[in-house]
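The next block is run38.cif, given as mmCIF, C-alpha atoms.
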data_work
loop_
_atom_site.group_PDB
_atom_site.id
_atom_site.type_symbol
_atom_site.label_atom_id
_atom_site.label_comp_id
_atom_site.auth_asym_id
_atom_site.auth_seq_id
_atom_site.Cartn_x
_atom_site.Cartn_y
_atom_site.Cartn_z
ATOM 1 C CA MET A 1 6.102 14.732 -5.690
ATOM 2 C CA ARG A 2 4.500 16.897 -8.378
ATOM 3 C CA THR A 3 6.535 19.794 -9.756
ATOM 4 C CA SER A 4 3.923 22.319 -8.597
ATOM 5 C CA VAL A 5 4.234 21.009 -5.045
ATOM 6 C CA LYS A 6 8.027 21.375 -5.228
ATOM 7 C CA TYR A 7 7.593 24.986 -6.340
ATOM 8 C CA ARG A 8 5.299 25.644 -3.379
ATOM 9 C CA VAL A 9 7.864 24.209 -0.968
ATOM 10 C CA ILE A 10 10.621 26.354 -2.489
ATOM 11 C CA TYR A 11 8.410 29.439 -2.299
ATOM 12 C CA ARG A 12 7.586 28.768 1.343
ATOM 13 C CA HIS A 13 11.256 28.377 2.329
ATOM 14 C CA LYS A 14 12.747 31.072 0.120
ATOM 15 C CA GLU A 15 13.796 33.150 3.158
ATOM 16 C CA LYS A 16 15.713 30.251 4.689
ATOM 17 C CA TYR A 17 17.496 28.726 1.684
ATOM 18 C CA THR A 18 18.695 30.045 -1.668
ATOM 19 C CA ILE A 19 16.489 29.467 -4.692
ATOM 20 C CA SER A 20 19.371 27.860 -6.599
ATOM 21 C CA GLU A 21 20.097 25.438 -3.772
ATOM 22 C CA MET A 22 16.494 24.322 -3.461
ATOM 23 C CA CYS A 23 16.021 24.011 -7.235
ATOM 24 C CA ARG A 24 19.051 21.717 -7.402
ATOM 25 C CA PHE A 25 17.771 19.682 -4.469
ATOM 26 C CA PHE A 26 14.305 19.221 -5.991
ATOM 27 C CA GLU A 27 15.725 18.824 -9.507
ATOM 28 C CA VAL A 28 13.640 21.619 -11.033
ATOM 29 C CA SER A 29 14.709 24.590 -13.146
ATOM 30 C CA ARG A 30 15.041 28.105 -11.768
ATOM 31 C CA SER A 31 13.225 29.486 -14.798
ATOM 32 C CA GLY A 32 10.302 27.155 -14.137
ATOM 33 C CA TYR A 33 10.182 28.261 -10.504
ATOM 34 C CA TYR A 34 10.187 31.962 -11.425
ATOM 35 C CA ASP A 35 7.430 31.351 -13.978
ATOM 36 C CA TYR A 36 5.449 29.762 -11.152
ATOM 37 C CA VAL A 37 6.046 32.782 -8.902
ATOM 38 C CA LYS A 38 4.816 35.126 -11.638
ATOM 39 C CA ARG A 39 1.578 33.157 -11.863
ATOM 40 C CA ILE A 40 0.714 33.635 -8.188
ATOM 41 C CA ASP A 41 -0.292 37.032 -6.922
ATOM 42 C CA ILE A 42 -0.636 36.048 -3.275
ATOM 43 C CA PRO A 43 0.523 33.028 -1.232
ATOM 44 C CA ASP A 44 -1.767 30.019 -1.468
ATOM 45 C CA LYS A 45 -4.468 30.462 1.156
ATOM 46 C CA ASP A 46 -4.429 26.713 1.796
ATOM 47 C CA LEU A 47 -0.734 26.612 2.759
ATOM 48 C CA PRO A 48 -1.288 26.976 6.550
ATOM 49 C CA LEU A 49 -3.866 24.176 6.517
ATOM 50 C CA ALA A 50 -1.629 22.004 4.323
ATOM 51 C CA ASP A 51 1.280 22.520 6.729
ATOM 52 C CA LYS A 52 -0.870 21.433 9.677
ATOM 53 C CA ILE A 53 -2.118 18.370 7.781
ATOM 54 C CA ARG A 54 1.487 17.537 6.877
ATOM 55 C CA GLU A 55 2.356 17.696 10.595
ATOM 56 C CA CYS A 56 -0.492 15.282 11.334
ATOM 57 C CA GLN A 57 0.624 12.861 8.624
ATOM 58 C CA GLU A 58 4.241 12.944 9.813
ATOM 59 C CA ILE A 59 3.151 12.087 13.373
ATOM 60 C CA THR A 60 0.881 9.265 12.190
ATOM 61 C CA ASN A 61 3.237 7.979 9.474
ATOM 62 C CA ARG A 62 0.683 8.903 6.789
ATOM 63 C CA THR A 63 -1.881 6.392 8.040
ATOM 64 C CA TYR A 64 -4.769 8.864 8.437
ATOM 65 C CA GLY A 65 -7.453 9.363 5.840
ATOM 66 C CA TYR A 66 -9.222 12.719 5.617
ATOM 67 C CA ARG A 67 -11.853 11.776 8.232
ATOM 68 C CA ARG A 68 -9.229 11.064 10.909
ATOM 69 C CA VAL A 69 -7.251 14.137 9.841
ATOM 70 C CA HIS A 70 -10.459 16.169 10.320
ATOM 71 C CA ILE A 71 -10.804 14.860 13.888
ATOM 72 C CA TRP A 72 -7.099 15.473 14.585
ATOM 73 C CA LEU A 73 -7.363 19.070 13.366
ATOM 74 C CA GLU A 74 -10.472 19.716 15.476
ATOM 75 C CA ARG A 75 -8.625 18.463 18.550
ATOM 76 C CA HIS A 76 -5.942 21.036 17.749
ATOM 77 C CA GLY A 77 -8.471 23.850 17.446
ATOM 78 C CA ILE A 78 -8.616 23.932 13.632
ATOM 79 C CA HIS A 79 -12.140 23.658 12.249
ATOM 80 C CA ARG A 80 -12.526 23.018 8.528
ATOM 81 C CA ASN A 81 -15.064 21.281 6.342
ATOM 82 C CA PRO A 82 -14.043 17.625 5.704
ATOM 83 C CA LYS A 83 -14.415 18.202 1.950
ATOM 84 C CA THR A 84 -11.937 21.086 2.181
ATOM 85 C CA ILE A 85 -9.487 18.857 4.049
ATOM 86 C CA LEU A 86 -9.778 16.141 1.395
ATOM 87 C CA ARG A 87 -9.222 18.688 -1.391
ATOM 88 C CA VAL A 88 -6.108 20.082 0.277
ATOM 89 C CA MET A 89 -4.766 16.592 0.976
ATOM 90 C CA ARG A 90 -5.120 15.741 -2.702
ATOM 91 C CA GLN A 91 -3.646 19.051 -3.840
ATOM 92 C CA TYR A 92 -0.552 18.751 -1.656
ATOM 93 C CA ASN A 93 -0.035 14.986 -2.004
ATOM 94 C CA LEU A 94 -0.912 14.326 1.647
ATOM 95 C CA LEU A 95 -3.286 11.382 1.236
ATOM 96 C CA SER A 96 -2.835 8.273 3.349
ATOM 97 C CA VAL A 97 -0.505 5.631 1.931
ATOM 98 C CA VAL A 98 -2.319 2.780 3.660
ATOM 99 C CA ARG A 99 -4.178 0.558 1.239
ATOM 100 C CA ARG A 100 -7.894 0.925 1.697
ATOM 101 C CA LYS A 101 -9.700 -2.338 2.342
ATOM 102 C CA ARG A 102 -13.062 -1.596 0.896
ATOM 103 C CA TYR A 103 -15.500 -2.891 -1.662
ATOM 104 C CA ILE A 104 -15.168 -1.013 -4.963
ATOM 105 C CA ASN A 105 -17.778 -1.335 -7.669
ATOM 106 C CA TYR A 106 -16.228 -1.886 -11.088
ATOM 107 C CA GLY A 107 -19.491 -2.839 -12.772
ATOM 108 C CA GLN A 108 -19.145 -5.780 -15.125
ATOM 109 C CA TYR A 109 -15.521 -6.297 -14.100
ATOM 110 C CA LEU A 110 -16.384 -7.004 -10.482
ATOM 111 C CA HIS A 111 -16.548 -10.524 -9.103
ATOM 112 C CA ARG A 112 -17.453 -11.456 -5.566
ATOM 113 C CA TYR A 113 -16.883 -14.885 -4.075
ATOM 114 C CA PRO A 114 -18.205 -16.752 -1.027
ATOM 115 C CA ASN A 115 -16.074 -16.971 2.095
ATOM 116 C CA LEU A 116 -15.084 -20.627 1.691
ATOM 117 C CA LEU A 117 -12.247 -20.328 4.194
ATOM 118 C CA ASN A 118 -14.525 -18.908 6.922
ATOM 119 C CA ARG A 119 -11.563 -18.520 9.346
ATOM 120 C CA ASP A 120 -10.754 -22.238 9.197
ATOM 121 C CA PHE A 121 -7.006 -21.680 8.931
ATOM 122 C CA LYS A 122 -5.996 -25.332 9.267
ATOM 123 C CA ALA A 123 -5.129 -27.383 6.172
ATOM 124 C CA GLU A 124 -4.609 -31.135 6.024
ATOM 125 C CA ARG A 125 -2.080 -31.059 3.193
ATOM 126 C CA PRO A 126 0.108 -28.623 1.248
ATOM 127 C CA ASN A 127 -1.541 -26.612 -1.525
ATOM 128 C CA GLN A 128 -5.008 -27.066 -0.126
ATOM 129 C CA LYS A 129 -5.581 -23.549 1.244
ATOM 130 C CA TRP A 130 -3.682 -20.455 0.176
ATOM 131 C CA ALA A 131 -4.129 -16.907 1.428
ATOM 132 C CA THR A 132 -3.007 -13.841 -0.493
ATOM 133 C CA ASP A 133 -2.661 -10.141 0.237
ATOM 134 C CA ILE A 134 -0.685 -6.986 -0.606
ATOM 135 C CA SER A 135 1.268 -4.644 1.649
ATOM 136 C CA TYR A 136 3.611 -1.721 1.088
ATOM 137 C CA ILE A 137 7.248 -1.167 2.030
ATOM 138 C CA LYS A 138 8.553 2.367 2.478
ATOM 139 C CA THR A 139 11.853 3.223 0.751
ATOM 140 C CA GLY A 140 13.748 6.390 -0.037
ATOM 141 C CA GLU A 141 12.516 6.132 -3.635
ATOM 142 C CA GLY A 142 8.875 5.636 -2.761
ATOM 143 C CA PHE A 143 6.623 2.743 -1.773
ATOM 144 C CA LEU A 144 7.302 -0.785 -2.967
ATOM 145 C CA TYR A 145 4.250 -3.051 -3.017
ATOM 146 C CA LEU A 146 4.637 -6.679 -1.950
ATOM 147 C CA SER A 147 2.171 -9.392 -2.955
ATOM 148 C CA ILE A 148 2.402 -12.794 -1.249
ATOM 149 C CA ILE A 149 0.683 -16.168 -1.270
ATOM 150 C CA ARG A 150 0.880 -18.105 1.992
ATOM 151 C CA ASP A 151 0.174 -21.832 2.376
ATOM 152 C CA LEU A 152 -1.971 -22.391 5.453
ATOM 153 C CA TYR A 153 -0.657 -25.947 5.850
ATOM 154 C CA ASP A 154 2.765 -24.850 7.127
ATOM 155 C CA ASN A 155 2.488 -21.029 6.883
ATOM 156 C CA SER A 156 5.244 -20.927 4.257
ATOM 157 C CA ILE A 157 5.319 -18.271 1.546
ATOM 158 C CA VAL A 158 4.565 -20.070 -1.706
ATOM 159 C CA ALA A 159 5.344 -17.081 -3.917
ATOM 160 C CA HIS A 160 5.924 -13.362 -3.690
ATOM 161 C CA LYS A 161 6.272 -10.504 -6.147
ATOM 162 C CA THR A 162 7.075 -6.821 -5.791
ATOM 163 C CA SER A 163 6.189 -3.775 -7.861
ATOM 164 C CA THR A 164 6.291 -0.008 -7.637
ATOM 165 C CA TYR A 165 2.616 -0.071 -8.640
ATOM 166 C CA GLN A 166 -0.275 -1.655 -6.785
ATOM 167 C CA ASN A 167 -2.116 -3.099 -9.745
ATOM 168 C CA ILE A 168 -3.764 -6.231 -11.065
ATOM 169 C CA ASN A 169 -0.610 -7.526 -12.775
ATOM 170 C CA LEU A 170 1.183 -7.687 -9.424
ATOM 171 C CA VAL A 171 -1.435 -10.142 -8.154
ATOM 172 C CA LEU A 172 -1.591 -12.152 -11.376
ATOM 173 C CA ASN A 173 2.187 -12.553 -11.511
ATOM 174 C CA THR A 174 2.199 -13.819 -7.926
ATOM 175 C CA ILE A 175 -0.374 -16.483 -8.782
ATOM 176 C CA ARG A 176 1.550 -17.528 -11.897
ATOM 177 C CA ALA A 177 4.754 -17.856 -9.875
ATOM 178 C CA ALA A 178 2.997 -19.982 -7.274
ATOM 179 C CA LYS A 179 1.542 -22.312 -9.889
ATOM 180 C CA GLN A 180 4.890 -22.702 -11.635
ATOM 181 C CA LYS A 181 6.543 -23.617 -8.358
ATOM 182 C CA GLU A 182 3.945 -25.913 -6.793
ATOM 183 C CA LYS A 183 2.344 -29.134 -8.020
ATOM 184 C CA VAL A 184 -1.299 -28.982 -6.995
ATOM 185 C CA THR A 185 -2.893 -32.419 -6.919
ATOM 186 C CA GLY A 186 -6.208 -31.713 -5.197
ATOM 187 C CA GLU A 187 -8.739 -28.970 -4.659
ATOM 188 C CA LEU A 188 -7.101 -25.613 -3.938
ATOM 189 C CA GLN A 189 -8.727 -22.591 -2.325
ATOM 190 C CA LEU A 190 -7.210 -19.122 -2.709
ATOM 191 C CA HIS A 191 -8.487 -16.645 -0.135
ATOM 192 C CA SER A 192 -8.245 -12.859 -0.477
ATOM 193 C CA ASP A 193 -9.866 -9.676 0.725
ATOM 194 C CA GLN A 194 -12.163 -7.550 -1.442
ATOM 195 C CA GLY A 195 -9.409 -5.433 -2.994
ATOM 196 C CA PHE A 196 -10.037 -4.368 -6.590
ATOM 197 C CA GLN A 197 -7.300 -6.698 -7.871
ATOM 198 C CA TYR A 198 -9.139 -9.737 -6.515
ATOM 199 C CA THR A 199 -12.552 -8.685 -7.839
ATOM 200 C CA SER A 200 -11.235 -8.011 -11.327
ATOM 201 C CA HIS A 201 -12.176 -10.018 -14.396
ATOM 202 C CA GLU A 202 -8.480 -10.784 -15.013
ATOM 203 C CA TYR A 203 -8.196 -12.406 -11.584
ATOM 204 C CA PHE A 204 -11.351 -14.429 -12.241
ATOM 205 C CA ASN A 205 -10.046 -15.660 -15.590
ATOM 206 C CA LEU A 206 -6.609 -16.682 -14.287
ATOM 207 C CA THR A 207 -7.788 -18.476 -11.158
ATOM 208 C CA THR A 208 -10.523 -20.246 -13.110
ATOM 209 C CA SER A 209 -8.020 -21.406 -15.730
ATOM 210 C CA TYR A 210 -5.942 -22.935 -12.912
ATOM 211 C CA ASN A 211 -9.024 -24.609 -11.387
ATOM 212 C CA ILE A 212 -8.536 -22.570 -8.218
ATOM 213 C CA LYS A 213 -11.598 -22.038 -6.036
ATOM 214 C CA GLN A 214 -11.839 -18.376 -5.115
ATOM 215 C CA SER A 215 -12.611 -17.454 -1.506
ATOM 216 C CA MET A 216 -13.114 -13.904 -0.270
ATOM 217 C CA SER A 217 -13.313 -12.142 3.081
ATOM 218 C CA ARG A 218 -16.501 -10.468 4.120
ATOM 219 C CA ARG A 219 -16.625 -6.760 3.559
ATOM 220 C CA GLY A 220 -14.649 -4.758 6.129
ATOM 221 C CA ASN A 221 -13.596 -7.834 8.125
ATOM 222 C CA PRO A 222 -9.766 -8.106 8.329
ATOM 223 C CA TYR A 223 -9.894 -11.173 10.576
ATOM 224 C CA ASP A 224 -11.104 -13.309 7.662
ATOM 225 C CA ASN A 225 -7.659 -12.993 6.072
ATOM 226 C CA ALA A 226 -5.676 -12.804 9.308
ATOM 227 C CA LEU A 227 -2.892 -15.216 8.352
ATOM 228 C CA ALA A 228 -1.931 -13.324 5.218
ATOM 229 C CA GLU A 229 -1.807 -10.043 7.123
ATOM 230 C CA ASN A 230 0.003 -11.736 10.004
ATOM 231 C CA PHE A 231 2.970 -12.470 7.759
ATOM 232 C CA PHE A 232 3.350 -8.794 6.900
ATOM 233 C CA SER A 233 3.428 -7.979 10.610
ATOM 234 C CA ILE A 234 6.199 -10.536 11.124
ATOM 235 C CA LEU A 235 8.152 -9.314 8.099
ATOM 236 C CA LYS A 236 8.028 -5.687 9.195
ATOM 237 C CA ALA A 237 8.789 -6.381 12.860
ATOM 238 C CA GLU A 238 11.697 -8.756 12.254
ATOM 239 C CA CYS A 239 13.135 -7.203 9.111
ATOM 240 C CA ILE A 240 11.799 -4.060 7.445
ATOM 241 C CA ASN A 241 11.378 -1.800 10.477
ATOM 242 C CA ARG A 242 14.940 -2.453 11.634
ATOM 243 C CA VAL A 243 16.613 -0.805 8.651
ATOM 244 C CA ASN A 244 16.358 2.384 6.614
ATOM 245 C CA LEU A 245 15.707 1.286 3.052
ATOM 246 C CA LYS A 246 17.023 3.784 0.517
ATOM 247 C CA THR A 247 16.174 2.141 -2.799
ATOM 248 C CA TYR A 248 13.688 -0.251 -4.370
ATOM 249 C CA ASN A 249 16.471 -2.736 -5.140
ATOM 250 C CA GLU A 250 17.658 -2.685 -1.555
ATOM 251 C CA ALA A 251 14.125 -3.454 -0.389
ATOM 252 C CA ARG A 252 13.679 -6.262 -2.924
ATOM 253 C CA THR A 253 16.945 -7.900 -1.865
ATOM 254 C CA LEU A 254 16.044 -7.676 1.812
ATOM 255 C CA ILE A 255 12.571 -9.119 1.215
ATOM 256 C CA ASP A 256 13.941 -12.009 -0.861
ATOM 257 C CA GLU A 257 16.538 -12.830 1.785
ATOM 258 C CA TYR A 258 14.042 -12.695 4.644
ATOM 259 C CA ILE A 259 11.447 -14.872 2.896
ATOM 260 C CA TYR A 260 14.132 -17.470 2.171
ATOM 261 C CA PHE A 261 15.084 -17.385 5.867
ATOM 262 C CA TYR A 262 11.424 -17.520 6.898
ATOM 263 C CA ASN A 263 10.665 -20.536 4.709
ATOM 264 C CA ASN A 264 13.839 -22.515 5.295
ATOM 265 C CA GLU A 265 15.455 -21.554 8.599
ATOM 266 C CA ARG A 266 13.119 -19.696 10.920
ATOM 267 C CA ILE A 267 11.682 -21.882 13.705
ATOM 268 C CA GLN A 268 7.902 -21.955 13.344
ATOM 269 C CA LEU A 269 5.791 -22.168 16.488
ATOM 270 C CA LYS A 270 2.398 -23.766 16.000
ATOM 271 C CA SER A 271 -0.453 -23.738 18.490
#

Exercise: express the given structure as structure tokens:
Amino acid sequence: MRTSVKYRVIYRHKEKYTISEMCRFFEVSRSGYYDYVKRIDIPDKDLPLADKIRECQEITNRTYGYRRVHIWLERHGIHRNPKTILRVMRQYNLLSVVRRKRYINYGQYLHRYPNLLNRDFKAERPNQKWATDISYIKTGEGFLYLSIIRDLYDNSIVAHKTSTYQNINLVLNTIRAAKQKEKVTGELQLHSDQGFQYTSHEYFNLTTSYNIKQSMSRRGNPYDNALAENFFSILKAECINRVNLKTYNEARTLIDEYIYFYNNERIQLKS
């Protein structure tokens, strides 16, 4: 949370709690807060709207983008321009935390690949078809991003990596870990969605150097990468959603333990 946002929260609750108590809680200085107060002549006119958006995001677990927030507000009798809603969401750190699955144009750094997998999720041997994806895990310290590679032959998790940042290195490190662990003797396909990590030039270079054939979902079609996303659903239902994770390390330990259980002990039902 940005310091300016903390100051706004303190200002809004100054009648309920002491300034010293809230400054200690948010780990900001009293002098900094009072400097902030001096800079504002009147309360922020966007505060009521921000509070209502915050209510919406709490109810929906921060899964709504500004378009859905706009609809939600209209249903509650609050009519604002969608651009205003987006601006306030950015200003008050109220944007959705759900990773957007969309095509992003990065010019010369963008690579698109054919959908070689084409929803044929059956493999005749190990290390023939891999699927990869990223999800996020909520902790008391923030969101931890989890990147996995799943073998479609037996649905096992070949490799996984975590990071506090959703970036290209997270994906590249997952691929490196998978290649170090597995001996690939035949043609290998690696299927992904159209996230910016998978369209990057770095991803192209690494997969090409490993002689991996890149496969990519069609734009806006989550079913093309259903098995990768299916694992995240299993992980969250059987593990993550049953506990209150306070720290990144606690989340990493729990994820490592569950994936070991999933690969080595969990009974797999195949259709």

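Taking all atoms listed in the file into account, Leu170 (chain A) lies nearest to A:Tyr198 out of the set A:Tyr11, A:Tyr198, A:Tyr210, A:Tyr248.
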
Practice task
Run the PyMOL selection byres ((chain A and resi 118) around 10) on the file and write out the hits as a ChimeraX atom specification.
Solution key: /A:114-117,119-121,191,215-218,223-225

Completion exercise
If you count all atoms listed in the file, the residue of A:Arg150, A:Lys161, A:Arg67, A:Arg242 closest to Asn263 (chain A) turns out to be A:Arg150

Exercise for the section: Could you jot down the CA of Lys179 (chain A) to CA of Asn155 (chain A) separation for me, Å, one decimal place? Expected result: 16.8 Å

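For region 136-138 of chain A, the set of protein, DNA and RNA residues having any atom at most 8 Å away, when counting all atoms listed in the file and skipping those fewer than 4 positions along the same chain, is Val98, Gly142, Phe143, Leu144, Tyr145, Leu146, Ile240, Leu245 and Ala251 of chain A.
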
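The smallest atom-to-atom distance between Lys6 (chain A) and any of A:Ala226, A:Cys239, A:Val28, A:Val184, using only C-alpha atoms, is found for A:Val28.
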
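Relative to CA of Pro126 (chain A), CA of Glu182 (chain A) is found at 9.3 Å.
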
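Going from CA of Val243 (chain A) over to CA of Thr139 (chain A), you cover 10.1 Å.
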
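The list of residues with at least one atom within 9 Å of region 71-75 of chain A, based on only C-alpha atoms and without residues fewer than 6 positions apart in the same chain, reads Lys52, Ile53 and Cys56 of chain A.
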
Fill in the blank from the handout: Min atom-atom distance to Thr174 (chain A) from the set A:Met89, A:Ile212, A:Leu152, A:Ile134, counting only C-alpha atoms, belongs to A:Ile134

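Among the candidates A:Ala177, A:Ile168, A:Val88, A:Ile157, the residue lying nearest to Phe261 (chain A) is A:Ile157 (atoms considered: all atoms listed in the file).
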
Exercise for the section: Can you turn the PyMOL selection byres ((chain A and resi 123) around 6) into a concrete residue list for this file, as a ChimeraX atom specification? Expected result: /A:122,124-125,152-153

The selected residues should be written to file as an mmCIF file, keeping the file's coordinate frame (atoms: C-alpha atoms).
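Just written: selection_37.cif:
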data_model
loop_
_atom_site.group_PDB
_atom_site.id
_atom_site.type_symbol
_atom_site.label_atom_id
_atom_site.label_comp_id
_atom_site.auth_asym_id
_atom_site.auth_seq_id
_atom_site.Cartn_x
_atom_site.Cartn_y
_atom_site.Cartn_z
ATOM 1 C CA LYS A 122 -5.996 -25.332 9.267
ATOM 2 C CA GLU A 124 -4.609 -31.135 6.024
ATOM 3 C CA ARG A 125 -2.080 -31.059 3.193
ATOM 4 C CA LEU A 152 -1.971 -22.391 5.453
ATOM 5 C CA TYR A 153 -0.657 -25.947 5.850
#

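On the file presented, the PyMOL selection byres ((chain A and resi 204) around 10) picks out A:Tyr109, A:Leu110, A:His111, A:Arg112, A:Tyr113, A:Gln197, A:Tyr198, A:Thr199, A:Ser200, A:His201, A:Glu202, A:Tyr203, A:Asn205, A:Leu206, A:Thr207, A:Thr208, A:Ser209, A:Ile212, A:Lys213, A:Gln214.
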
With C-alpha atoms retained, could you export that selection as an mmCIF file, in the coordinates of the input?
data_model
loop_
_atom_site.group_PDB
_atom_site.id
_atom_site.type_symbol
_atom_site.label_atom_id
_atom_site.label_comp_id
_atom_site.auth_asym_id
_atom_site.auth_seq_id
_atom_site.Cartn_x
_atom_site.Cartn_y
_atom_site.Cartn_z
ATOM 1 C CA TYR A 109 -15.521 -6.297 -14.100
ATOM 2 C CA LEU A 110 -16.384 -7.004 -10.482
ATOM 3 C CA HIS A 111 -16.548 -10.524 -9.103
ATOM 4 C CA ARG A 112 -17.453 -11.456 -5.566
ATOM 5 C CA TYR A 113 -16.883 -14.885 -4.075
ATOM 6 C CA GLN A 197 -7.300 -6.698 -7.871
ATOM 7 C CA TYR A 198 -9.139 -9.737 -6.515
ATOM 8 C CA THR A 199 -12.552 -8.685 -7.839
ATOM 9 C CA SER A 200 -11.235 -8.011 -11.327
ATOM 10 C CA HIS A 201 -12.176 -10.018 -14.396
ATOM 11 C CA GLU A 202 -8.480 -10.784 -15.013
ATOM 12 C CA TYR A 203 -8.196 -12.406 -11.584
ATOM 13 C CA ASN A 205 -10.046 -15.660 -15.590
ATOM 14 C CA LEU A 206 -6.609 -16.682 -14.287
ATOM 15 C CA THR A 207 -7.788 -18.476 -11.158
ATOM 16 C CA THR A 208 -10.523 -20.246 -13.110
ATOM 17 C CA SER A 209 -8.020 -21.406 -15.730
ATOM 18 C CA ILE A 212 -8.536 -22.570 -8.218
ATOM 19 C CA LYS A 213 -11.598 -22.038 -6.036
ATOM 20 C CA GLN A 214 -11.839 -18.376 -5.115
#

Practice task
Please write as an NGL selection string the list of polymer residues whose atoms come within 6 Å of (-0.1, -20.3, -3.2), counting all atoms listed in the file and keeping to the coordinates of the file.
Solution key: :A and (130 or 149-151 or 158 or 178)

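With all atoms listed in the file as the basis for measurement, A:Gln128 is the residue among A:Arg2, A:Gln128, A:Asn61, A:Asn244 that approaches Glu187 (chain A) most closely.
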
Around region 43-56 of chain A, with edges along x, y and z and 5 Å added on all six sides, what centre and edge lengths do you get, in Å to one decimal, as JSON?
{"center_x": -1.1, "center_y": 24.2, "center_z": 4.9, "size_x": 16.8, "size_y": 27.7, "size_z": 22.8}

Excluding Tyr260 (chain A) and any residue of its chain fewer than 3 positions from it, enumerate the residues within 12 Å of it, using all atoms listed in the file, and give them as a short mmCIF file (atom, residue, chain, number, x, y, z; two decimals) with C-alpha atoms, in the frame of the given file.
data_model
loop_
_atom_site.label_atom_id
_atom_site.label_comp_id
_atom_site.auth_asym_id
_atom_site.auth_seq_id
_atom_site.Cartn_x
_atom_site.Cartn_y
_atom_site.Cartn_z
CA SER A 156 5.24 -20.93 4.26
CA ILE A 157 5.32 -18.27 1.55
CA VAL A 158 4.57 -20.07 -1.71
CA ALA A 159 5.34 -17.08 -3.92
CA HIS A 160 5.92 -13.36 -3.69
CA LEU A 235 8.15 -9.31 8.10
CA THR A 253 16.94 -7.90 -1.86
CA LEU A 254 16.04 -7.68 1.81
CA ILE A 255 12.57 -9.12 1.22
CA ASP A 256 13.94 -12.01 -0.86
CA GLU A 257 16.54 -12.83 1.78
CA ASN A 263 10.66 -20.54 4.71
CA ASN A 264 13.84 -22.52 5.30
CA GLU A 265 15.46 -21.55 8.60
CA ARG A 266 13.12 -19.70 10.92
#
